[in-house]
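Undergrad: So that we are looking at the same thing, I have put the structure below in structure tokens.
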Amino acid sequence: MCPHVMWDAHERGWKMWYSGGEQYEPNAIGYATSTDGLQWAKYPANPVLAPTPGTDWEKERVTAAQVIF
């Protein structure tokens with residue numbers, strides 16, 4: 001949910017960061033790339049951002065990704 005998609009002119013491809021996890025409660029941020037905007041390849045080390053259980057302010061959830069190029 002909450003995908004953030006950007007065109008990277010230098011690499012000539014699409015990049016997408018997205019929230020994933022339980023319904024209505026994302027608990028990780030994933031990353032994928034595409035050359036045509038239709039077929040996507042997930043980054044091998046997904047999720048790229050997840051909560052750290054030992055840290056009080058981020059122990060359970062993340063929110064929607066907002067990326068600025």
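Labels used: A, B, ... for chains in the order of the structure tokens, numbers from 1 for residues in each chain, and numbers from 1 for ligands as shown.
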Report as an MDAnalysis selection string all protein, DNA and RNA residues lying within 7 Å of Ala41 of chain A, evaluated on only C-alpha atoms, omitting residues in the same chain fewer than 3 positions from it.

TA: chainID A and resid 32:34

Undergrad: Which residues are close to Asp36 of chain A, i.e. within 12 Å by only C-alpha atoms, leaving aside same-chain residues fewer than 6 positions away? Reply as a list in words.

TA: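 Near neighbours after the sequence-gap exclusion: Trp7, Asp8, Arg12, Gly13, Trp14 and Lys15 of chain A.
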
Undergrad: Suppose we keep N, CA and C atoms; can you now write the selection as a tab-separated table (two decimals), in the first residue's frame?

TA:
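Generated output (part.tsv):
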```
chain	number	residue	atom	x	y	z
A	7	TRP	N	10.63	8.17	-11.55
A	7	TRP	CA	11.43	7.86	-12.73
A	7	TRP	C	12.85	8.33	-12.47
A	8	ASP	N	13.82	7.46	-12.68
A	8	ASP	CA	15.23	7.81	-12.53
A	8	ASP	C	15.81	7.94	-13.94
A	12	ARG	N	17.50	5.25	-16.19
A	12	ARG	CA	16.46	4.93	-17.17
A	12	ARG	C	15.52	3.84	-16.67
A	13	GLY	N	14.99	4.05	-15.48
A	13	GLY	CA	14.08	3.07	-14.91
A	13	GLY	C	13.22	3.66	-13.81
A	14	TRP	N	12.17	2.92	-13.47
A	14	TRP	CA	11.25	3.30	-12.40
A	14	TRP	C	11.72	2.70	-11.08
A	15	LYS	N	11.50	3.45	-10.01
A	15	LYS	CA	11.82	2.98	-8.66
A	15	LYS	C	10.57	3.16	-7.80
```

Undergrad: Need to verify the contact set: Pro51 of chain A, 12 Å, only C-alpha atoms, exclusion of same-chain residues closer than 5 positions in sequence. Can you return it as a list in words?

TA: Gly21, Pro26, Asn27, Ala28, Ile29, Asp56, Trp57, Glu58, Lys59, Glu60, Arg61, Val62 and Thr63 of chain A

Undergrad: Pick the closest to Met16 of chain A from A:Cys2, A:Ala50, A:Tyr31, A:Ala65: which is it, counting only C-alpha atoms?

TA: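 Nearest candidate to Met16 of chain A out of A:Cys2, A:Ala50, A:Tyr31, A:Ala65: A:Tyr31.
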
Undergrad: DSSP says strand (DSSP E or B) for which residues of chain A? Put them as a count of residues only?

TA: 28

Undergrad: Given only C-alpha atoms as the basis, pick out the residue of A:Ser19, A:Val5, A:Pro53, A:Phe69 nearest to Gly37 of chain A.

TA: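 Among the listed residues, the smallest separation from Gly37 of chain A belongs to A:Val5.
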